[in-house]
Structures are given as structure tokens and as C-alpha cells.
>>> print(open('protein-v1.txt').read())   # compact mmCIF, C-alpha atoms
# COMPACT_ATOMS: atom_id res chain seq x y z
CA MET A 45 113.87 -72.29 -98.87
CA ALA A 46 111.28 -69.89 -97.74
CA ARG A 47 108.04 -68.38 -98.86
CA ILE A 48 108.54 -64.67 -99.12
CA ILE A 49 106.71 -61.49 -99.97
CA PRO A 50 108.08 -58.92 -102.44
CA ASN A 51 108.61 -56.23 -99.81
CA GLU A 52 112.31 -55.83 -99.07
CA ASN A 53 113.06 -58.72 -101.41
CA THR A 54 112.03 -57.98 -104.99
CA TRP A 55 114.06 -55.62 -107.16
CA VAL A 56 112.58 -53.94 -110.26
CA GLY A 57 114.57 -51.93 -112.77
CA PHE A 58 114.07 -50.41 -116.18
CA ALA A 59 116.85 -50.51 -118.77
CA ALA A 60 116.82 -48.22 -121.77
CA THR A 61 116.51 -49.77 -125.19
CA GLY A 62 119.91 -50.61 -126.58
CA THR A 63 121.49 -51.51 -123.27
CA ILE A 64 120.65 -55.20 -123.08
CA THR A 65 121.94 -57.25 -125.96
CA ASN A 66 120.99 -60.73 -124.75
CA ILE A 67 117.86 -60.85 -122.62
CA ALA A 68 118.56 -64.43 -121.59
CA ALA A 69 121.83 -63.35 -120.00
CA PRO A 70 122.01 -59.64 -119.20
CA THR A 71 125.36 -58.67 -117.78
CA ALA A 72 125.81 -57.31 -114.29
CA ALA A 73 126.91 -54.01 -115.82
CA GLN A 74 123.76 -53.84 -117.92
CA VAL A 75 121.62 -54.46 -114.85
CA THR A 76 123.54 -51.75 -113.01
CA SER A 77 122.84 -49.32 -115.84
CA ALA A 78 119.11 -49.76 -115.36
CA GLN A 79 117.01 -47.34 -113.34
CA ASN A 80 116.01 -48.82 -110.01
CA LEU A 81 112.23 -48.39 -109.74
CA THR A 82 111.73 -50.67 -106.76
CA SER A 83 110.75 -47.92 -104.37
CA TYR A 84 108.03 -46.72 -106.75
CA VAL A 85 106.38 -50.06 -107.45
CA ILE A 86 103.03 -50.88 -105.90
CA SER A 87 102.22 -53.91 -107.99
CA LEU A 88 103.07 -55.41 -111.31
CA ASN A 89 101.52 -57.97 -113.58
CA ALA A 90 104.01 -59.61 -115.89
CA SER A 91 102.32 -62.68 -117.21
CA SER A 92 102.15 -64.85 -120.27
CA ARG A 93 99.48 -67.20 -121.46
CA GLY A 94 99.21 -69.72 -124.22
CA ASN A 95 96.42 -70.76 -126.51
CA THR A 96 95.39 -74.32 -127.10
CA VAL A 97 93.92 -75.28 -130.45
CA PRO A 98 91.18 -77.93 -130.39
CA THR A 99 91.84 -80.90 -132.68
CA PRO A 100 88.81 -83.15 -132.24
CA ALA A 101 88.22 -86.00 -134.62
CA PHE A 102 85.39 -88.42 -135.37
CA ASP A 103 87.35 -91.45 -134.32
CA THR A 104 87.41 -90.63 -130.61
CA LEU A 105 85.18 -89.18 -127.93
CA PHE A 106 88.19 -87.46 -126.36
CA GLU A 107 88.50 -83.81 -127.39
CA THR A 108 92.16 -83.50 -128.25
CA SER A 109 94.07 -80.25 -128.50
CA THR A 110 97.47 -79.03 -129.56
CA THR A 111 99.66 -76.10 -128.70
CA GLY A 112 98.89 -72.76 -130.30
CA THR A 113 100.34 -69.32 -130.00
CA SER A 114 101.25 -67.61 -126.77
CA GLN A 115 101.23 -64.02 -125.67
CA ALA A 116 102.26 -61.86 -122.75
CA THR A 117 101.08 -58.75 -120.95
CA PHE A 118 102.95 -56.31 -118.77
CA ASP A 119 101.26 -53.77 -116.52
CA ILE A 120 102.75 -51.99 -113.55
CA ASP A 121 101.38 -49.62 -110.90
CA LEU A 122 103.72 -46.98 -109.54
CA TYR A 123 103.76 -44.00 -107.22
CA ARG A 124 104.06 -40.38 -108.27
CA ASP A 125 106.53 -38.31 -106.26
CA ASP A 126 106.41 -34.52 -105.99
CA THR A 127 110.19 -34.32 -105.47
CA THR A 128 111.75 -37.06 -107.56
CA ASP A 129 109.15 -38.17 -110.05
CA ALA A 130 111.52 -40.55 -111.78
CA ALA A 131 109.11 -43.36 -112.60
CA TRP A 132 106.55 -41.05 -114.18
CA THR A 133 109.20 -39.14 -116.10
CA LEU A 134 110.93 -42.27 -117.26
CA LEU A 135 107.96 -44.03 -118.81
CA PRO A 136 105.98 -41.82 -121.17
CA ARG A 137 103.90 -43.45 -123.88
CA GLY A 138 106.09 -44.78 -126.67
CA THR A 139 109.05 -45.65 -124.46
CA HIS A 140 110.90 -48.81 -125.43
CA GLY A 141 113.08 -50.70 -122.99
CA PHE A 142 113.46 -53.64 -120.69
CA PHE A 143 111.91 -54.26 -117.31
CA ILE A 144 114.23 -56.35 -115.17
CA ILE A 145 112.59 -58.17 -112.28
CA SER A 146 114.40 -60.02 -109.56
CA ARG A 147 111.53 -61.52 -107.62
CA PHE A 148 113.64 -63.01 -104.86
CA GLY A 149 116.11 -60.15 -104.92
CA GLY A 150 119.74 -60.22 -105.90
CA GLY A 151 122.98 -60.25 -104.02
CA GLY A 152 123.85 -56.63 -104.65
CA THR A 153 123.16 -53.47 -102.72
CA GLY A 154 119.45 -52.96 -102.17
CA ASN A 155 118.74 -56.43 -103.60
CA LYS A 156 120.12 -55.47 -106.99
CA PRO A 157 120.85 -58.57 -109.09
CA ILE A 158 124.49 -59.42 -109.63
CA ALA A 159 126.24 -62.15 -111.61
CA ALA A 160 124.60 -65.59 -111.32
CA ASP A 161 121.34 -64.17 -109.93
CA LYS A 162 118.08 -65.12 -111.62
CA VAL A 163 116.01 -62.35 -113.21
CA GLU A 164 113.19 -61.84 -115.64
CA VAL A 165 113.75 -59.54 -118.60
CA TRP A 166 110.67 -58.15 -120.34
CA PRO A 167 111.19 -56.23 -123.60
CA VAL A 168 108.36 -53.73 -123.64
CA SER A 169 106.93 -50.65 -125.28
CA VAL A 170 104.76 -48.36 -123.18
CA THR A 171 101.30 -48.12 -124.72
CA SER A 172 99.75 -45.98 -122.01
CA ARG A 173 100.78 -44.14 -118.87
CA THR A 174 97.76 -43.00 -116.96
CA MET A 175 97.03 -41.61 -113.53
CA ALA A 176 94.80 -43.55 -111.19
CA ASN A 177 91.52 -41.95 -110.25
CA MET A 178 92.10 -39.09 -107.85
CA SER A 179 90.16 -39.30 -104.64
CA ASN A 180 90.17 -38.02 -101.11
CA ASN A 181 92.85 -39.35 -98.80
CA THR A 182 94.48 -41.42 -101.52
CA VAL A 183 98.10 -41.35 -102.61
CA LEU A 184 98.74 -40.34 -106.21
CA THR A 185 99.63 -43.32 -108.34
CA PHE A 186 99.69 -44.22 -112.00
CA THR A 187 99.54 -47.27 -114.21
CA VAL A 188 101.79 -48.14 -117.13
CA ASN A 189 100.49 -50.60 -119.72
CA CYS A 190 103.00 -52.15 -122.07
CA ALA A 191 103.14 -54.19 -125.20
CA VAL A 192 105.56 -57.08 -124.91
CA ASN A 193 107.59 -56.79 -128.10
CA THR A 194 109.39 -60.10 -128.09
CA GLU A 195 109.29 -63.27 -126.06
CA PRO A 196 110.35 -62.39 -122.51
CA ALA A 197 113.18 -64.15 -120.70
CA GLU A 198 111.43 -65.45 -117.61
CA ASN A 199 114.39 -67.38 -116.25
CA ALA A 200 117.40 -65.34 -117.24
CA THR A 201 120.70 -65.52 -115.41
CA VAL A 202 122.79 -62.42 -114.91
CA ALA A 203 126.17 -62.83 -116.56
CA ALA A 204 129.40 -61.48 -115.13
CA MET B 162 105.39 -42.09 -133.73
CA ARG B 163 107.51 -39.89 -131.46
CA LYS B 164 111.23 -40.40 -131.76
CA MET B 165 113.53 -41.38 -128.96
CA VAL B 166 116.82 -39.63 -128.32
CA SER B 167 120.23 -41.17 -127.83
CA ILE B 168 121.95 -41.19 -124.49
CA LYS B 169 125.40 -42.47 -123.63
CA LYS B 170 127.22 -43.78 -120.57
CA ASP B 171 130.47 -45.73 -120.29
CA GLY B 172 130.57 -46.20 -124.04
CA VAL B 173 127.07 -47.66 -124.18
CA VAL B 174 124.57 -45.85 -126.35
CA ALA B 175 120.90 -46.28 -125.51
CA GLU B 176 117.67 -44.51 -126.34
CA CYS B 177 114.97 -42.89 -124.27
CA MET B 178 112.07 -40.51 -124.75
CA PRO B 179 113.12 -36.84 -124.72
CA GLU B 180 111.29 -36.03 -121.48
CA ALA B 181 113.05 -38.91 -119.72
CA VAL B 182 116.51 -37.48 -120.35
CA PRO B 183 116.78 -35.72 -116.94
CA VAL B 184 116.19 -39.00 -115.13
CA TRP B 185 118.95 -40.72 -117.07
CA GLU B 186 121.26 -37.71 -116.73
CA ALA B 187 120.86 -37.90 -112.97
CA ASP B 188 122.18 -41.43 -113.24
CA GLY B 189 125.28 -40.42 -115.19
CA TRP B 190 124.02 -40.71 -118.75
CA THR B 191 124.60 -37.87 -121.19
CA LEU B 192 122.53 -36.82 -124.14
CA VAL B 193 124.12 -37.54 -127.51
CA GLU B 194 123.90 -34.26 -129.37
CA ASP B 195 125.01 -35.45 -132.79
CA GLY B 196 121.52 -35.40 -134.20
CA SER B 197 121.69 -39.03 -135.19
CA SER B 198 118.54 -39.57 -133.23
CA GLY B 199 115.89 -37.55 -131.50
CA GLY B 200 113.94 -36.45 -134.49
CA ASP B 201 114.76 -34.79 -137.74
CA GLU B 202 113.75 -31.43 -139.14
CA SER B 203 110.39 -32.75 -140.30
CA ASP B 204 109.40 -33.29 -136.66
CA GLN B 205 109.88 -29.64 -135.76
CA PRO B 206 106.82 -27.38 -135.70
CA LEU B 207 106.54 -25.05 -138.66
CA THR B 208 107.25 -21.37 -138.24
CA PRO B 209 104.48 -18.89 -139.26
CA THR B 210 106.41 -18.15 -142.46
CA GLU B 211 106.67 -21.84 -143.26
CA TRP B 212 102.96 -22.29 -142.60
CA SER B 213 102.13 -19.54 -145.08
CA ASN B 214 104.16 -21.33 -147.71
CA VAL B 215 102.41 -24.64 -147.24
CA ASP B 216 100.57 -25.77 -150.33
CA GLN B 217 96.97 -26.10 -149.14
CA THR B 218 95.59 -27.47 -152.37
CA ASP B 219 94.52 -30.71 -150.78
CA GLN B 220 92.56 -28.95 -148.04
CA LYS B 221 90.62 -26.87 -150.55
CA GLU B 222 89.49 -29.81 -152.57
>>> encode(input="protein-v1.txt", output="C-alpha cells")
Amino acid sequence: MARIIPNENTWVGFAATGTITNIAAPTAAQVTSAQNLTSYVISLNASSRGNTVPTPAFDTLFETSTTGTSQATFDIDLYRDDTTDAAWTLLPRGTHGFFIISRFGGGGTGNKPIAADKVEVWPVSVTSRTMANMSNNTVLTFTVNCAVNTEPAENATVAA
Amino acid sequence: MRKMVSIKKDGVVAECMPEAVPVWEADGWTLVEDGSSGGDESDQPLTPTEWSNVDQTDQKE
């Protein structure tokens, strides 16, 4: 057990819509078919949050609550590249697909997840792809904002 | 809503945006040219002749 940083550990890929049939158990071949975006990623925010619904009543001073709906957001910051601009080209507005995240990295080449590795699978649609503000002495980057179409698999296991 | 196009690799058919095709092709995917996806004729821009034949009744009202 160790506390690690994402650099040289985390693997991030994007699979085209139609390739992953079971987000809770993507196959190793499906992960392999994804585009490896790891070298373009600066940061990503894949998070979910739930709502609690207050249920107070007159018979108690304790403010009770119950579970409500939940939602998720997915935003990712990436580099532009004047030679191989794969991330920018891959993710125009309207793109549907799956982000695959292996936070601790997988057992394959370049930390690619293989069978039995844990991954997150986020079914998304790109709602915006926008350049970061351009300024002196700053690398060109862009941000992709996504809608999360269905409940993400945050503890998926790669199948053989 | 812009339409995605079909791409294929190892018997798997997926979809991507038209401008993303080169990225997928570099990874071994091929564009499916059967016209089953990627937009129909109604998505194509009208030619000048077609424009002149458009019924503009609604715009004049």
C-alpha cells in the first residue's frame, strides 16, 4: 500500500460509443480499443454527488433526512499539440463515448488496464470543448465539459 | 444535433464525430462507408439551384 500521485501511475483513455457493452466489466480488448489520452491530461474532475431530502416532523427536534437523487459531472483539461493534436480532434462538442480511468494504473504497457484491474468507466457526451485563455508564456490547453449520460461505473473490473 | 459516423475495427462497430475519424484511423479503425450513419441527405448543404427552389412562403409571412 502506498500513497501515490497520478504522474506515471494513472491511465486515461477514451472509448468510442458502441465499444463498451457493459461498463461494470469492460473487457481488456475494449480497453485496448480506446484512445490513450494519458499524455494529454493535465487534470480531470470526475465526481458524483447526492442530494439529501429533509424530512423533519413535529414529533422530534432532530431534523431527519432521506436519500434523494444523485448526479455526476465530468470535466477534463488537456494539452493541445501542434503535431499530433489527438485529444482536441477526438473530442468535439457532441461526441459520445466512455472515459476509462485507471487511477492506480493497470498492469499493461504504459499502465494500461488489463484483465482484473480496477477502472472507472464514465459514459459521457461532450457539451463543450473550449480553449483556455491564451496568455504570454503559457502552454496551449483546452477544457472539455461533459454530460454524464448514465450512472458511471466507479469500481469496474476489467474482464478478460 | 450533428450526426456521428460509423467506424470499424476487428469486427467492432463504433461511432465518432466526423472530424475525429483521422485519430481513430491512425489507431487502425476504418470508416464505414455504407451510409448507415454519418448523416443523411437532409444534412447536406443545399446547392444554389436547390436554394432557388425552396418554398419561402413562411419567411414572407
>>> closest_residue(input="protein-v1.txt", among="A:Pro50, A:Gly57, A:Gly138, A:Gly94", to="Thr76 in chain A", atoms="all atoms listed in the file")
A:Gly57
>>> residues_around(input="protein-v1.txt", residues="Pro157 in chain A", least_positions_apart="4", cutoff="12 Å", atoms="all atoms listed in the file", output="JSON, numbers by chain")
{"A": [53, 54, 55, 56, 57, 69, 70, 71, 72, 73, 74, 75, 76, 77, 78, 80, 144, 145, 146, 147, 148, 149, 150, 151, 152, 153, 161, 162, 163, 164, 165, 200, 201, 202, 203, 204]}
>>> closest_residue(input="protein-v1.txt", among="A:Thr63, A:Thr110, A:Ser91, A:Thr187", to="chain B", atoms="all atoms listed in the file")
A:Thr63
>>> closest_atom_pairs(input="protein-v1.txt", of="chain B", to="chain A", cutoff="6 Å", atoms="all atoms listed in the file", output="Markdown table")
| residue | atom | partner | partner_atom | distance |
| --- | --- | --- | --- | --- |
| B:Ala175 | CA | A:Gly62 | CA | 4.6 |
| B:Glu176 | CA | A:Thr61 | CA | 5.5 |
| B:Met178 | CA | A:Thr139 | CA | 6.0 |
| B:Ala181 | CA | A:Leu134 | CA | 4.7 |
| B:Val184 | CA | A:Ala130 | CA | 6.0 |
>>> axis_aligned_box(input="protein-v1.txt", around="range 185-196 of chain B", padding_each_side="3 Å", output="JSON")
{"center_x": 122.1, "center_y": -37.8, "center_z": -123.6, "size_x": 12.3, "size_y": 13.2, "size_z": 27.2}
>>> atom_distance(input="protein-v1.txt", atom1="CA of Cys190 in chain A", atom2="CA of Phe118 in chain A")
5.3 Å
>>> atom_distance(input="protein-v1.txt", atom1="CA of Glu180 in chain B", atom2="CA of Thr65 in chain A")
24.2 Å
>>> residues_around(input="protein-v1.txt", residues="Trp185 in chain B", least_positions_apart="5", cutoff="9 Å", atoms="only C-alpha atoms", output="VMD selection string")
(chain A and resid 79 134) or (chain B and resid 168 177 190 to 192)
>>> write_last_selection(input="protein-v1.txt", atoms="C-alpha atoms", output="PDB file, keeping the file's coordinate frame")
ATOM      1  CA  GLN A  79     117.010 -47.340-113.340  1.00  0.00           C
ATOM      2  CA  LEU A 134     110.930 -42.270-117.260  1.00  0.00           C
TER       3      LEU A 134
ATOM      4  CA  ILE B 168     121.950 -41.190-124.490  1.00  0.00           C
ATOM      5  CA  CYS B 177     114.970 -42.890-124.270  1.00  0.00           C
ATOM      6  CA  TRP B 190     124.020 -40.710-118.750  1.00  0.00           C
ATOM      7  CA  THR B 191     124.600 -37.870-121.190  1.00  0.00           C
ATOM      8  CA  LEU B 192     122.530 -36.820-124.140  1.00  0.00           C
TER       9      LEU B 192
END
>>> atom_distance(input="protein-v1.txt", atom1="CA of Pro183 in chain B", atom2="CA of Asn89 in chain A")
27.2 Å
>>> residues_around(input="protein-v1.txt", residues="range 182-186 of chain A", least_positions_apart="4", cutoff="9 Å", atoms="only C-alpha atoms", output="number ranges by chain")
A: 86, 120-125, 132, 173-178
